[in-house]
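> If it helps, the file is called my_file_19.cif and holds mmCIF, C-alpha atoms:
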```cif
data_work
#
loop_
_atom_site.label_atom_id
_atom_site.label_comp_id
_atom_site.auth_asym_id
_atom_site.auth_seq_id
_atom_site.Cartn_x
_atom_site.Cartn_y
_atom_site.Cartn_z
CA MET A 1 11.52 -159.49 -75.75
CA SER A 2 13.91 -159.46 -78.68
CA GLU A 3 16.26 -161.99 -77.07
CA ASP A 4 13.72 -164.78 -76.77
CA ARG A 5 12.09 -164.04 -80.10
CA PRO A 6 12.76 -166.99 -82.42
CA ILE A 7 15.07 -166.21 -85.32
CA VAL A 8 13.48 -166.30 -88.76
CA THR A 9 14.61 -169.31 -90.79
CA PRO A 10 17.36 -168.22 -93.20
CA SER A 11 16.70 -168.32 -96.92
CA GLN A 12 18.64 -170.77 -99.10
CA THR A 13 18.90 -170.94 -102.85
CA VAL A 14 16.15 -172.62 -104.85
CA GLY A 15 18.97 -174.45 -106.66
CA PRO A 16 18.94 -175.86 -110.19
CA PHE A 17 16.32 -178.58 -109.71
CA PHE A 18 13.33 -176.68 -108.33
CA GLN A 19 11.17 -177.79 -111.24
CA ILE A 20 10.69 -181.13 -109.45
CA GLY A 21 8.85 -179.54 -106.58
CA LEU A 22 7.49 -176.31 -108.01
CA ALA A 23 6.33 -177.08 -111.57
CA TRP A 24 2.90 -178.26 -110.40
CA LEU A 25 2.06 -174.61 -109.72
CA TYR A 26 3.50 -173.15 -112.93
CA HIS A 27 0.85 -170.79 -114.07
CA ALA A 28 1.42 -168.10 -116.68
CA ASP A 29 -2.17 -166.92 -117.17
CA LEU A 30 -2.90 -164.66 -114.24
CA ALA A 31 -6.01 -163.38 -115.91
CA GLY A 32 -7.77 -166.72 -116.04
CA PRO A 33 -10.46 -167.51 -118.54
CA GLY A 34 -13.11 -164.89 -118.88
CA ALA A 35 -11.49 -162.31 -116.63
CA ALA A 36 -12.75 -158.80 -117.15
CA GLY A 37 -10.25 -156.07 -117.85
CA GLN A 38 -7.49 -155.22 -120.25
CA ARG A 39 -5.51 -158.37 -121.13
CA LEU A 40 -1.80 -157.84 -121.59
CA THR A 41 1.11 -160.16 -122.24
CA VAL A 42 4.43 -159.51 -120.53
CA SER A 43 7.50 -161.03 -122.18
CA GLY A 44 11.14 -160.64 -121.30
CA LEU A 45 14.50 -162.09 -120.46
CA VAL A 46 16.34 -162.77 -117.23
CA LEU A 47 19.97 -161.79 -117.86
CA ASP A 48 23.02 -162.40 -115.66
CA GLY A 49 26.10 -160.25 -115.13
CA ALA A 50 27.77 -161.60 -118.27
CA GLY A 51 24.71 -160.73 -120.35
CA ASN A 52 23.71 -164.37 -120.68
CA GLY A 53 20.12 -165.48 -120.38
CA VAL A 54 19.38 -167.34 -117.17
CA GLU A 55 17.64 -170.50 -118.30
CA ASP A 56 17.02 -171.88 -114.81
CA ALA A 57 15.22 -168.97 -113.17
CA MET A 58 11.67 -168.76 -111.89
CA ILE A 59 9.59 -165.66 -111.33
CA GLU A 60 6.45 -165.29 -109.27
CA VAL A 61 3.99 -162.48 -109.82
CA TRP A 62 1.40 -161.07 -107.44
CA GLN A 63 -1.10 -158.49 -108.61
CA ALA A 64 -4.36 -156.77 -107.78
CA ASP A 65 -7.45 -157.05 -109.96
CA PRO A 66 -8.58 -154.20 -112.22
CA ALA A 67 -10.45 -152.66 -109.29
CA GLY A 68 -7.29 -152.60 -107.16
CA ARG A 69 -8.28 -155.50 -104.90
CA TYR A 70 -6.10 -158.45 -104.00
CA PRO A 71 -7.89 -161.79 -104.15
CA ALA A 72 -8.61 -163.41 -100.79
CA VAL A 73 -8.21 -166.97 -102.03
CA SER A 74 -6.43 -168.19 -105.13
CA ARG A 75 -7.98 -171.33 -106.48
CA PRO A 76 -7.77 -173.27 -109.70
CA PRO A 77 -8.38 -172.93 -112.53
CA GLY A 78 -8.03 -169.17 -112.28
CA TRP A 79 -5.37 -168.72 -109.56
CA ALA A 80 -6.30 -165.09 -109.95
CA GLY A 81 -3.60 -162.70 -108.90
CA PHE A 82 -0.73 -165.18 -108.66
CA GLY A 83 1.56 -166.54 -111.32
CA ARG A 84 4.66 -168.74 -111.32
CA ILE A 85 6.69 -168.87 -114.51
CA ALA A 86 9.98 -170.64 -115.29
CA THR A 87 12.43 -169.16 -117.78
CA GLY A 88 13.28 -171.11 -120.91
CA PRO A 89 16.00 -170.93 -123.57
CA GLN A 90 17.91 -167.61 -123.55
CA GLY A 91 16.30 -166.81 -120.21
CA ALA A 92 12.96 -165.95 -121.80
CA PHE A 93 9.67 -165.79 -119.94
CA SER A 94 6.13 -164.75 -120.83
CA PHE A 95 2.85 -164.42 -118.96
CA THR A 96 -0.61 -162.96 -119.35
CA ILE A 97 -2.36 -160.56 -117.00
CA VAL A 98 -5.26 -158.23 -116.74
CA LYS A 99 -3.99 -154.79 -115.93
CA PRO A 100 -4.25 -154.21 -112.18
CA GLY A 101 -5.95 -151.19 -110.67
CA ARG A 102 -4.42 -148.81 -108.17
CA VAL A 103 -3.98 -149.93 -104.57
CA ALA A 104 -3.32 -147.98 -101.40
CA GLY A 105 0.20 -146.86 -100.62
CA PRO A 106 1.73 -145.46 -97.43
CA GLU A 107 0.05 -142.58 -95.62
CA GLY A 108 -3.05 -142.19 -97.70
CA THR A 109 -1.32 -142.26 -101.06
CA LEU A 110 -2.41 -144.32 -104.05
CA GLN A 111 0.09 -146.45 -105.90
CA ALA A 112 0.37 -146.63 -109.65
CA PRO A 113 -0.72 -149.98 -111.13
CA HIS A 114 2.08 -152.50 -110.65
CA LEU A 115 3.03 -156.16 -110.41
CA ALA A 116 4.99 -157.46 -107.43
CA VAL A 117 7.66 -159.86 -108.66
CA ASN A 118 9.87 -162.40 -106.87
CA VAL A 119 12.85 -163.83 -108.77
CA PHE A 120 14.41 -167.17 -107.83
CA MET A 121 17.40 -169.03 -109.27
CA ARG A 122 20.52 -171.00 -108.55
CA GLY A 123 23.09 -168.47 -107.35
CA LEU A 124 20.55 -166.41 -105.42
CA LEU A 125 20.73 -167.29 -101.75
CA ARG A 126 17.66 -165.10 -101.21
CA HIS A 127 15.07 -164.37 -103.84
CA LEU A 128 15.07 -160.94 -105.43
CA VAL A 129 12.10 -158.62 -105.08
CA THR A 130 11.19 -156.16 -107.80
CA ARG A 131 8.14 -154.54 -109.41
CA MET A 132 6.84 -153.95 -112.90
CA TYR A 133 4.96 -150.76 -113.74
CA PHE A 134 3.04 -149.87 -116.92
CA PRO A 135 4.19 -147.65 -119.78
CA ASP A 136 0.80 -145.96 -120.31
CA GLU A 137 0.74 -144.64 -116.73
CA ALA A 138 3.29 -141.83 -116.94
CA GLY A 139 1.27 -139.57 -114.67
CA THR A 140 0.50 -142.10 -111.94
CA ASN A 141 4.03 -143.52 -112.18
CA ALA A 142 5.47 -140.05 -111.59
CA ALA A 143 3.46 -139.80 -108.35
CA ASP A 144 3.99 -143.39 -107.20
CA PRO A 145 5.30 -143.51 -103.62
CA VAL A 146 7.54 -146.53 -104.31
CA LEU A 147 8.97 -145.38 -107.65
CA GLY A 148 9.65 -142.11 -105.87
CA LEU A 149 12.15 -143.90 -103.63
CA VAL A 150 14.22 -144.95 -106.64
CA GLU A 151 16.83 -142.65 -108.14
CA PRO A 152 15.27 -141.17 -111.30
CA ALA A 153 17.86 -142.58 -113.69
CA ARG A 154 17.03 -146.15 -112.64
CA ARG A 155 13.21 -145.94 -112.58
CA ALA A 156 12.95 -147.01 -116.22
CA THR A 157 14.15 -150.50 -115.24
CA LEU A 158 10.83 -150.98 -113.44
CA VAL A 159 8.60 -149.83 -116.29
CA ALA A 160 7.64 -152.22 -119.11
CA ARG A 161 7.87 -151.12 -122.72
CA ALA A 162 4.87 -151.35 -125.04
CA ASP A 163 5.24 -152.78 -128.52
CA PRO A 164 4.44 -149.89 -130.89
CA VAL A 165 2.48 -152.20 -133.17
CA HIS A 166 0.81 -154.37 -130.53
CA PRO A 167 0.16 -152.20 -127.49
CA ALA A 168 -1.15 -155.18 -125.51
CA ALA A 169 2.29 -156.80 -125.76
CA LEU A 170 4.62 -155.50 -123.07
CA SER A 171 8.27 -156.32 -122.69
CA TRP A 172 10.20 -156.16 -119.46
CA ASP A 173 13.59 -157.68 -118.65
CA VAL A 174 15.12 -158.64 -115.33
CA VAL A 175 18.79 -157.62 -115.52
CA LEU A 176 20.79 -158.93 -112.58
CA GLN A 177 23.92 -156.80 -112.94
CA GLY A 178 25.50 -154.04 -114.99
CA ALA A 179 24.64 -150.64 -116.41
CA HIS A 180 20.98 -151.56 -116.88
CA GLU A 181 20.66 -153.51 -113.64
CA THR A 182 17.04 -153.79 -112.57
CA VAL A 183 16.13 -152.05 -109.33
CA PHE A 184 15.68 -154.65 -106.60
CA PHE A 185 14.05 -153.95 -103.29
CA ASP A 186 14.86 -154.76 -99.69
CA CYS A 187 11.38 -156.10 -98.96
CA MET B 1 -4.52 -164.81 -90.76
CA GLY B 2 -6.16 -161.49 -90.27
CA THR B 3 -7.16 -158.84 -92.71
CA PRO B 4 -3.99 -157.19 -93.93
CA HIS B 5 -3.43 -153.63 -92.80
CA ALA B 6 -1.49 -151.48 -95.17
CA SER B 7 0.17 -149.77 -92.23
CA MET B 8 1.32 -152.99 -90.58
CA GLY B 9 4.65 -154.03 -92.02
CA TYR B 10 6.79 -157.07 -91.39
CA ARG B 11 9.85 -157.05 -89.18
CA ARG B 12 13.21 -156.69 -90.96
CA PRO B 13 15.84 -159.37 -90.30
CA ALA B 14 18.65 -158.64 -87.85
CA PRO B 15 22.09 -158.31 -89.47
CA GLY B 16 23.72 -161.65 -90.25
CA THR B 17 20.57 -163.70 -89.82
CA GLN B 18 19.90 -164.02 -93.56
CA PRO B 19 22.49 -164.69 -96.28
CA ALA B 20 23.98 -161.85 -98.29
CA TYR B 21 23.25 -161.96 -102.02
CA LEU B 22 26.94 -161.94 -102.88
CA HIS B 23 28.74 -164.82 -101.19
CA PRO B 24 31.87 -165.54 -103.29
CA PRO B 25 32.46 -169.03 -101.84
CA TYR B 26 29.18 -169.87 -103.60
CA ALA B 27 30.51 -169.34 -107.13
CA SER B 28 27.25 -168.83 -108.98
CA SER B 29 26.32 -165.90 -106.73
CA VAL B 30 29.09 -163.82 -108.35
CA ARG B 31 27.31 -163.25 -111.68
CA ARG B 32 23.80 -163.25 -110.24
CA ALA B 33 23.86 -161.16 -107.07
CA PRO B 34 22.75 -157.55 -107.54
CA THR B 35 25.61 -155.05 -107.44
CA ARG B 36 23.59 -151.92 -106.65
CA PRO B 37 22.23 -151.26 -103.18
CA LEU B 38 18.68 -152.52 -102.66
CA VAL B 39 15.97 -149.90 -102.27
CA LEU B 40 14.15 -150.20 -98.95
CA LEU B 41 10.55 -151.09 -99.79
CA PRO B 42 7.74 -149.92 -97.52
CA HIS B 43 5.26 -152.71 -96.86
CA THR B 44 2.12 -151.60 -98.63
CA LEU B 45 -1.05 -153.58 -99.24
CA THR B 46 0.86 -155.30 -102.06
CA GLU B 47 3.46 -156.72 -99.68
CA VAL B 48 1.15 -157.58 -96.78
CA SER B 49 -1.27 -159.53 -98.97
CA GLY B 50 -0.39 -162.72 -100.80
CA PRO B 51 -1.75 -165.80 -102.52
CA VAL B 52 -3.74 -168.23 -100.41
CA PHE B 53 -4.02 -171.85 -101.49
CA GLY B 54 -6.94 -173.87 -100.27
CA HIS B 55 -7.52 -177.55 -99.70
CA ASP B 56 -8.57 -177.89 -103.32
CA ALA B 57 -4.93 -177.28 -104.28
CA VAL B 58 -3.40 -180.04 -102.15
CA ARG B 59 -4.52 -183.65 -101.75
CA PRO B 60 -3.65 -185.68 -98.65
CA GLY B 61 -1.50 -188.09 -100.69
CA ASP B 62 0.69 -185.23 -101.90
CA ALA B 63 2.62 -185.39 -98.61
CA ASP B 64 3.69 -189.03 -99.11
CA LEU B 65 6.80 -189.14 -101.29
CA THR B 66 7.08 -192.90 -100.86
CA ALA B 67 3.87 -193.59 -102.78
CA GLN B 68 4.57 -191.95 -106.14
CA GLY B 69 5.76 -195.05 -108.02
CA ALA B 70 4.62 -198.59 -108.66
CA GLY B 71 6.65 -199.75 -105.67
CA GLU B 72 8.42 -198.28 -102.69
CA PRO B 73 11.53 -196.15 -103.23
CA LEU B 74 14.88 -197.39 -101.95
CA GLY B 75 16.40 -195.67 -98.95
CA GLU B 76 15.79 -194.95 -95.30
CA ARG B 77 12.15 -194.01 -94.76
CA MET B 78 11.74 -190.88 -92.68
CA VAL B 79 9.04 -188.57 -91.43
CA VAL B 80 9.86 -184.88 -91.76
CA THR B 81 7.51 -182.84 -89.62
CA GLY B 82 7.37 -179.57 -87.78
CA ARG B 83 5.47 -176.39 -87.21
CA VAL B 84 5.40 -173.22 -89.27
CA LEU B 85 5.45 -170.29 -86.84
CA ASP B 86 5.79 -166.54 -86.95
CA GLU B 87 8.36 -164.62 -84.95
CA SER B 88 6.01 -164.42 -82.01
CA GLY B 89 5.69 -168.20 -81.93
CA ARG B 90 2.14 -168.19 -83.31
CA PRO B 91 1.25 -171.00 -85.72
CA ILE B 92 0.76 -170.13 -89.37
CA ARG B 93 -2.32 -172.10 -90.27
CA HIS B 94 -3.29 -173.65 -93.60
CA THR B 95 -0.24 -172.36 -95.41
CA LEU B 96 1.28 -174.16 -98.38
CA VAL B 97 4.56 -176.06 -97.86
CA GLU B 98 6.29 -177.45 -100.97
CA VAL B 99 9.31 -179.80 -100.81
CA TRP B 100 11.65 -181.43 -103.31
CA GLN B 101 14.76 -183.53 -102.89
CA ALA B 102 17.27 -185.98 -104.35
CA ASN B 103 16.79 -189.72 -104.00
CA ALA B 104 18.69 -191.94 -101.57
CA ALA B 105 21.65 -192.10 -103.98
CA GLY B 106 21.91 -188.31 -104.22
CA ARG B 107 20.35 -188.00 -107.67
CA TYR B 108 17.52 -185.68 -108.69
CA ARG B 109 14.92 -186.67 -111.22
CA HIS B 110 15.86 -183.74 -113.46
CA ASP B 111 17.37 -183.50 -116.96
CA ARG B 112 20.18 -181.26 -115.76
CA ASP B 113 21.35 -183.55 -112.96
CA THR B 114 24.37 -185.30 -114.48
CA HIS B 115 25.61 -187.01 -111.32
CA HIS B 116 26.20 -190.65 -112.28
CA ALA B 117 24.23 -192.10 -109.40
CA PRO B 118 21.19 -194.25 -110.13
CA LEU B 119 17.71 -192.87 -110.57
CA ASP B 120 15.03 -194.68 -108.62
CA PRO B 121 11.97 -195.49 -110.76
CA ASN B 122 9.85 -195.32 -107.62
CA PHE B 123 10.97 -191.91 -106.43
CA VAL B 124 9.99 -188.54 -107.87
CA GLY B 125 11.04 -186.41 -104.90
CA CYS B 126 8.20 -183.88 -104.88
CA GLY B 127 5.67 -183.20 -102.11
CA ARG B 128 3.33 -180.58 -100.75
CA ALA B 129 1.09 -180.07 -97.77
CA LEU B 130 -0.98 -177.46 -95.98
CA THR B 131 -0.27 -176.79 -92.32
CA ASP B 132 -3.04 -177.69 -89.88
CA ASP B 133 -4.74 -175.53 -87.25
CA ASP B 134 -1.60 -175.61 -85.07
CA GLY B 135 0.82 -174.96 -87.90
CA TRP B 136 1.96 -178.57 -88.28
CA TYR B 137 3.01 -180.14 -91.58
CA ARG B 138 4.15 -183.73 -92.09
CA PHE B 139 5.86 -185.51 -94.99
CA LEU B 140 6.72 -189.18 -95.37
CA THR B 141 9.76 -189.61 -97.61
CA ILE B 142 13.19 -191.22 -97.79
CA LYS B 143 16.43 -189.68 -96.61
CA PRO B 144 18.19 -187.97 -99.54
CA GLY B 145 21.82 -188.71 -100.31
CA ALA B 146 24.70 -186.24 -100.46
CA TYR B 147 25.92 -185.44 -103.97
CA PRO B 148 28.87 -183.78 -105.70
CA TRP B 149 28.63 -180.41 -107.43
CA LYS B 150 31.05 -178.28 -109.39
CA ASN B 151 31.33 -175.24 -107.11
CA HIS B 152 34.96 -176.03 -106.20
CA PRO B 153 37.21 -179.12 -106.40
CA ASN B 154 35.72 -182.13 -104.62
CA ALA B 155 32.65 -180.15 -103.58
CA TRP B 156 29.77 -182.09 -102.00
CA ARG B 157 26.39 -180.84 -100.91
CA PRO B 158 25.28 -182.11 -97.52
CA ALA B 159 22.04 -184.10 -97.67
CA HIS B 160 19.10 -181.69 -97.72
CA VAL B 161 15.43 -181.25 -98.50
CA HIS B 162 14.31 -178.08 -100.30
CA PHE B 163 11.37 -176.20 -98.77
CA SER B 164 9.17 -173.47 -100.26
CA LEU B 165 6.68 -171.55 -98.11
CA PHE B 166 4.31 -168.67 -98.73
CA GLY B 167 3.07 -167.65 -95.31
CA PRO B 168 0.34 -165.03 -95.13
CA ALA B 169 1.88 -162.35 -97.35
CA PHE B 170 4.08 -161.56 -100.33
CA ALA B 171 6.65 -160.35 -97.77
CA THR B 172 6.74 -163.70 -95.93
CA ARG B 173 7.77 -165.81 -98.94
CA LEU B 174 10.63 -168.16 -98.04
CA VAL B 175 12.60 -170.76 -99.96
CA THR B 176 15.08 -172.67 -97.85
CA GLN B 177 16.77 -176.04 -97.28
CA MET B 178 16.60 -178.46 -94.38
CA TYR B 179 19.75 -180.30 -93.32
CA PHE B 180 20.43 -183.27 -91.04
CA PRO B 181 21.99 -183.23 -87.57
CA GLY B 182 25.63 -184.26 -87.39
CA ASP B 183 26.24 -184.12 -91.15
CA PRO B 184 30.05 -183.94 -91.56
CA LEU B 185 29.68 -181.95 -94.79
CA LEU B 186 27.92 -178.98 -93.16
CA PRO B 187 31.09 -177.09 -92.13
CA PHE B 188 32.29 -177.19 -95.76
CA ASP B 189 29.10 -176.19 -97.56
CA PRO B 190 29.12 -172.60 -98.85
CA ILE B 191 25.35 -172.50 -99.18
CA TYR B 192 24.70 -173.58 -95.59
CA ASN B 193 27.45 -171.26 -94.35
CA SER B 194 26.18 -168.24 -96.29
CA THR B 195 24.29 -167.11 -93.17
CA ALA B 196 26.84 -165.45 -90.90
CA GLU B 197 25.08 -165.84 -87.56
CA GLU B 198 25.52 -169.33 -86.16
CA ARG B 199 22.24 -169.19 -84.23
CA ALA B 200 20.31 -168.38 -87.38
CA ARG B 201 22.21 -170.90 -89.51
CA SER B 202 21.56 -173.72 -87.07
CA ARG B 203 17.82 -173.20 -87.58
CA LEU B 204 18.34 -174.97 -90.92
CA VAL B 205 19.38 -178.23 -89.23
CA SER B 206 16.58 -180.60 -88.33
CA ALA B 207 16.56 -182.57 -85.08
CA PHE B 208 16.30 -186.32 -84.81
CA ASP B 209 12.95 -186.90 -83.11
CA TRP B 210 11.93 -190.07 -81.27
CA GLU B 211 8.40 -188.75 -80.91
CA HIS B 212 7.88 -188.93 -84.67
CA THR B 213 9.97 -192.05 -85.21
CA THR B 214 7.56 -194.84 -86.11
CA PRO B 215 8.51 -198.27 -84.73
CA GLU B 216 9.50 -200.78 -87.41
CA HIS B 217 8.90 -198.17 -90.11
CA SER B 218 10.56 -194.75 -90.28
CA LEU B 219 12.91 -192.31 -88.55
CA GLY B 220 11.54 -188.96 -87.44
CA PHE B 221 13.11 -185.55 -88.08
CA ARG B 222 11.68 -182.35 -86.66
CA PHE B 223 12.06 -179.13 -88.64
CA ASP B 224 10.25 -176.04 -87.41
CA ILE B 225 10.19 -173.07 -89.76
CA VAL B 226 9.89 -169.48 -88.58
CA LEU B 227 8.55 -166.87 -90.99
CA ARG B 228 8.69 -163.12 -90.49
CA GLY B 229 6.21 -161.61 -88.07
CA HIS B 230 4.61 -158.22 -87.96
CA GLU B 231 6.36 -155.28 -86.43
CA ALA B 232 5.25 -154.69 -82.87
CA THR B 233 1.67 -153.53 -82.61
CA PRO B 234 -0.09 -151.79 -79.72
CA PHE B 235 -1.48 -155.20 -78.77
CA GLU B 236 1.94 -156.66 -78.04
CA LYS B 237 3.83 -155.88 -74.85
#
```
Output the structure of this file as structure tokens.


Amino acid sequence: MSEDRPIVTPSQTVGPFFQIGLAWLYHADLAGPGAAGQRLTVSGLVLDGAGNGVEDAMIEVWQADPAGRYPAVSRPPGWAGFGRIATGPQGAFSFTIVKPGRVAGPEGTLQAPHLAVNVFMRGLLRHLVTRMYFPDEAGTNAADPVLGLVEPARRATLVARADPVHPAALSWDVVLQGAHETVFFDC
Amino acid sequence: MGTPHASMGYRRPAPGTQPAYLHPPYASSVRRAPTRPLVLLPHTLTEVSGPVFGHDAVRPGDADLTAQGAGEPLGERMVVTGRVLDESGRPIRHTLVEVWQANAAGRYRHDRDTHHAPLDPNFVGCGRALTDDDGWYRFLTIKPGAYPWKNHPNAWRPAHVHFSLFGPAFATRLVTQMYFPGDPLLPFDPIYNSTAEERARSRLVSAFDWEHTTPEHSLGFRFDIVLRGHEATPFEK
């Protein structure tokens, strides 16, 4: 069976000019107008191995709603659950969400609230897969079945930081290499 | 697509059938590839669900890249068509396919493209389509030109069309590039050659296709795309 199974098409880099084909779906407000739930902004930087901001990266975000459900169909103007955001000067990005609820994990577990994130850029032959968790969920994060697979010293790279003055403003960076390298997953 | 089951994960690629993140011949991978081992992610409901785009997102004219200006773009008209399938050969229906490409002179309509080849006022180079009930997509466009890049001395990218697909789940997301049969630049391109297995790599090369070549109008190129399928279930032999 495995021999005649077609081979999956290999990934190739998104390259430097993806804006031409992908900008139509840029969408940084995952909450949509009038969405119920706790609205949060997530801001951060994509940084390369030299510590420089990556100004030609794109991230895509997939999230559950506050009740822990994934939307069946994403449609404008809300595109609920999905976001596509390009980085700008210094590698900065920003988007708005409603905080997701908990969704099922493996073997009857519940996952802590999280965003699924894909990262694309020139230089990446395959996109990177990571997650963002929430800083006010210490208890659920500690029991999360996916965070539990990550060595403890690196888990903080997957948890956003809350602004002490504006708790609805979260910051979270994607660090491609180095001492603070973000945890990336083999998805 | 069916209702996602949290217990039903997607098949992992066989070694060598997808590019490594670090591929030093592709210079910009050196500062951008992760250096720590990836953490194996179980496929939970998060990974087996994904955004679904309906017909309200894509108009029929979005698949015609020759009709985005006041006149027709210069270059060889071509039809690029094929099926989006899973690893079991089943069609992936109504899934979004996005494409972008350089013009016939090898120039992208983008601020950061500094190649001194002419822009074409009648060519944007952007298209999108949804697959039909049998997984078919179809674009009408012009054949892109090869172009130089700064990866190494006298480096040239083979002509290609960029593709972006979602498939049914977060885990099936794929961004790739389609190449042309017989392109003499392919053996020298570090991006094309980043996939070690020749059988997998050759899946990126389209086939000239008489069936979709339109008399007196356009050449046809066939490019089927295979996305990951589910791990074997009790229903499969």

> For range 110-160 of chain B against range 73-78 of chain B, with a cut-off of 12 Å and counting only C-alpha atoms, what is the closest atom pair and its distance in Å to one decimal for every residue that makes the cut, ordered by chain and number, as JSON lines?


```
{"residue": "B:Pro118", "atom": "CA", "partner": "B:Leu74", "partner_atom": "CA", "distance": 10.8}
{"residue": "B:Leu119", "atom": "CA", "partner": "B:Leu74", "partner_atom": "CA", "distance": 10.1}
{"residue": "B:Asp120", "atom": "CA", "partner": "B:Pro73", "partner_atom": "CA", "distance": 6.6}
{"residue": "B:Pro121", "atom": "CA", "partner": "B:Pro73", "partner_atom": "CA", "distance": 7.6}
{"residue": "B:Asn122", "atom": "CA", "partner": "B:Pro73", "partner_atom": "CA", "distance": 4.8}
{"residue": "B:Phe123", "atom": "CA", "partner": "B:Pro73", "partner_atom": "CA", "distance": 5.3}
{"residue": "B:Val124", "atom": "CA", "partner": "B:Pro73", "partner_atom": "CA", "distance": 9.0}
{"residue": "B:Gly125", "atom": "CA", "partner": "B:Pro73", "partner_atom": "CA", "distance": 9.9}
{"residue": "B:Arg138", "atom": "CA", "partner": "B:Met78", "partner_atom": "CA", "distance": 10.4}
{"residue": "B:Phe139", "atom": "CA", "partner": "B:Met78", "partner_atom": "CA", "distance": 8.3}
{"residue": "B:Leu140", "atom": "CA", "partner": "B:Met78", "partner_atom": "CA", "distance": 5.9}
{"residue": "B:Thr141", "atom": "CA", "partner": "B:Met78", "partner_atom": "CA", "distance": 5.5}
{"residue": "B:Ile142", "atom": "CA", "partner": "B:Arg77", "partner_atom": "CA", "distance": 4.2}
{"residue": "B:Lys143", "atom": "CA", "partner": "B:Glu76", "partner_atom": "CA", "distance": 5.5}
{"residue": "B:Pro144", "atom": "CA", "partner": "B:Gly75", "partner_atom": "CA", "distance": 7.9}
{"residue": "B:Gly145", "atom": "CA", "partner": "B:Gly75", "partner_atom": "CA", "distance": 8.9}
```

> Would you write out those residues with C-alpha atoms, as a PDB file, keeping the file's coordinate frame?


```
ATOM      1  CA  PRO B 118      21.190-194.250-110.130  1.00  0.00           C
ATOM      2  CA  LEU B 119      17.710-192.870-110.570  1.00  0.00           C
ATOM      3  CA  ASP B 120      15.030-194.680-108.620  1.00  0.00           C
ATOM      4  CA  PRO B 121      11.970-195.490-110.760  1.00  0.00           C
ATOM      5  CA  ASN B 122       9.850-195.320-107.620  1.00  0.00           C
ATOM      6  CA  PHE B 123      10.970-191.910-106.430  1.00  0.00           C
ATOM      7  CA  VAL B 124       9.990-188.540-107.870  1.00  0.00           C
ATOM      8  CA  GLY B 125      11.040-186.410-104.900  1.00  0.00           C
ATOM      9  CA  ARG B 138       4.150-183.730 -92.090  1.00  0.00           C
ATOM     10  CA  PHE B 139       5.860-185.510 -94.990  1.00  0.00           C
ATOM     11  CA  LEU B 140       6.720-189.180 -95.370  1.00  0.00           C
ATOM     12  CA  THR B 141       9.760-189.610 -97.610  1.00  0.00           C
ATOM     13  CA  ILE B 142      13.190-191.220 -97.790  1.00  0.00           C
ATOM     14  CA  LYS B 143      16.430-189.680 -96.610  1.00  0.00           C
ATOM     15  CA  PRO B 144      18.190-187.970 -99.540  1.00  0.00           C
ATOM     16  CA  GLY B 145      21.820-188.710-100.310  1.00  0.00           C
TER      17      GLY B 145
END
```

> Tell me which residues the PyMOL selection byres ((chain A and resi 129-137) around 6) grabs here, as a ChimeraX atom specification.

/A:114-118,128,138-141,158-161,184-185

> Starting from the shown file, work through the PyMOL selection byres ((chain A and resi 65) around 9) and note down what comes out as a list in words.

Ala31, Gly37, Gln63, Ala64, Pro66, Ala67, Gly68, Arg69, Tyr70, Pro71, Ala80, Gly81, Val98, Lys99, Pro100, Gly101 and Arg102 of chain A

> Restricting the calculation to only C-alpha atoms, which member of B:Arg173, B:Ala70, B:Pro37, B:Gly167 is positioned closest to Arg93 in chain B?

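Among the listed residues, B:Gly167 lies closest to Arg93 in chain B.
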
> At a cut-off of 7 Å from (9.1, -174.9, -85.2) in the coordinates of the file, what residues are picked up using only C-alpha atoms, written as a PyMOL selection string?

chain B and resi 82-85+223-226

> Of the candidates B:Arg90, B:Arg203, B:His116, B:His212, which one gets nearest to chain A if we count only C-alpha atoms?

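With only C-alpha atoms as the atom set, the closest residue is B:Arg203.
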
> Step by step, work through what the PyMOL selection byres ((chain B and resi 60) around 12) selects in the shown file, and finish by giving those residues as a PDB file with C-alpha atoms, keeping the file's coordinate frame.


```
ATOM      1  CA  HIS B  55      -7.520-177.550 -99.700  1.00  0.00           C
ATOM      2  CA  ASP B  56      -8.570-177.890-103.320  1.00  0.00           C
ATOM      3  CA  ALA B  57      -4.930-177.280-104.280  1.00  0.00           C
ATOM      4  CA  VAL B  58      -3.400-180.040-102.150  1.00  0.00           C
ATOM      5  CA  ARG B  59      -4.520-183.650-101.750  1.00  0.00           C
ATOM      6  CA  GLY B  61      -1.500-188.090-100.690  1.00  0.00           C
ATOM      7  CA  ASP B  62       0.690-185.230-101.900  1.00  0.00           C
ATOM      8  CA  ALA B  63       2.620-185.390 -98.610  1.00  0.00           C
ATOM      9  CA  ASP B  64       3.690-189.030 -99.110  1.00  0.00           C
ATOM     10  CA  LEU B  65       6.800-189.140-101.290  1.00  0.00           C
ATOM     11  CA  ALA B  67       3.870-193.590-102.780  1.00  0.00           C
ATOM     12  CA  GLY B 127       5.670-183.200-102.110  1.00  0.00           C
ATOM     13  CA  ARG B 128       3.330-180.580-100.750  1.00  0.00           C
ATOM     14  CA  ALA B 129       1.090-180.070 -97.770  1.00  0.00           C
ATOM     15  CA  LEU B 130      -0.980-177.460 -95.980  1.00  0.00           C
ATOM     16  CA  THR B 131      -0.270-176.790 -92.320  1.00  0.00           C
ATOM     17  CA  ASP B 132      -3.040-177.690 -89.880  1.00  0.00           C
ATOM     18  CA  TYR B 137       3.010-180.140 -91.580  1.00  0.00           C
ATOM     19  CA  ARG B 138       4.150-183.730 -92.090  1.00  0.00           C
ATOM     20  CA  PHE B 139       5.860-185.510 -94.990  1.00  0.00           C
ATOM     21  CA  LEU B 140       6.720-189.180 -95.370  1.00  0.00           C
TER      22      LEU B 140
END
```
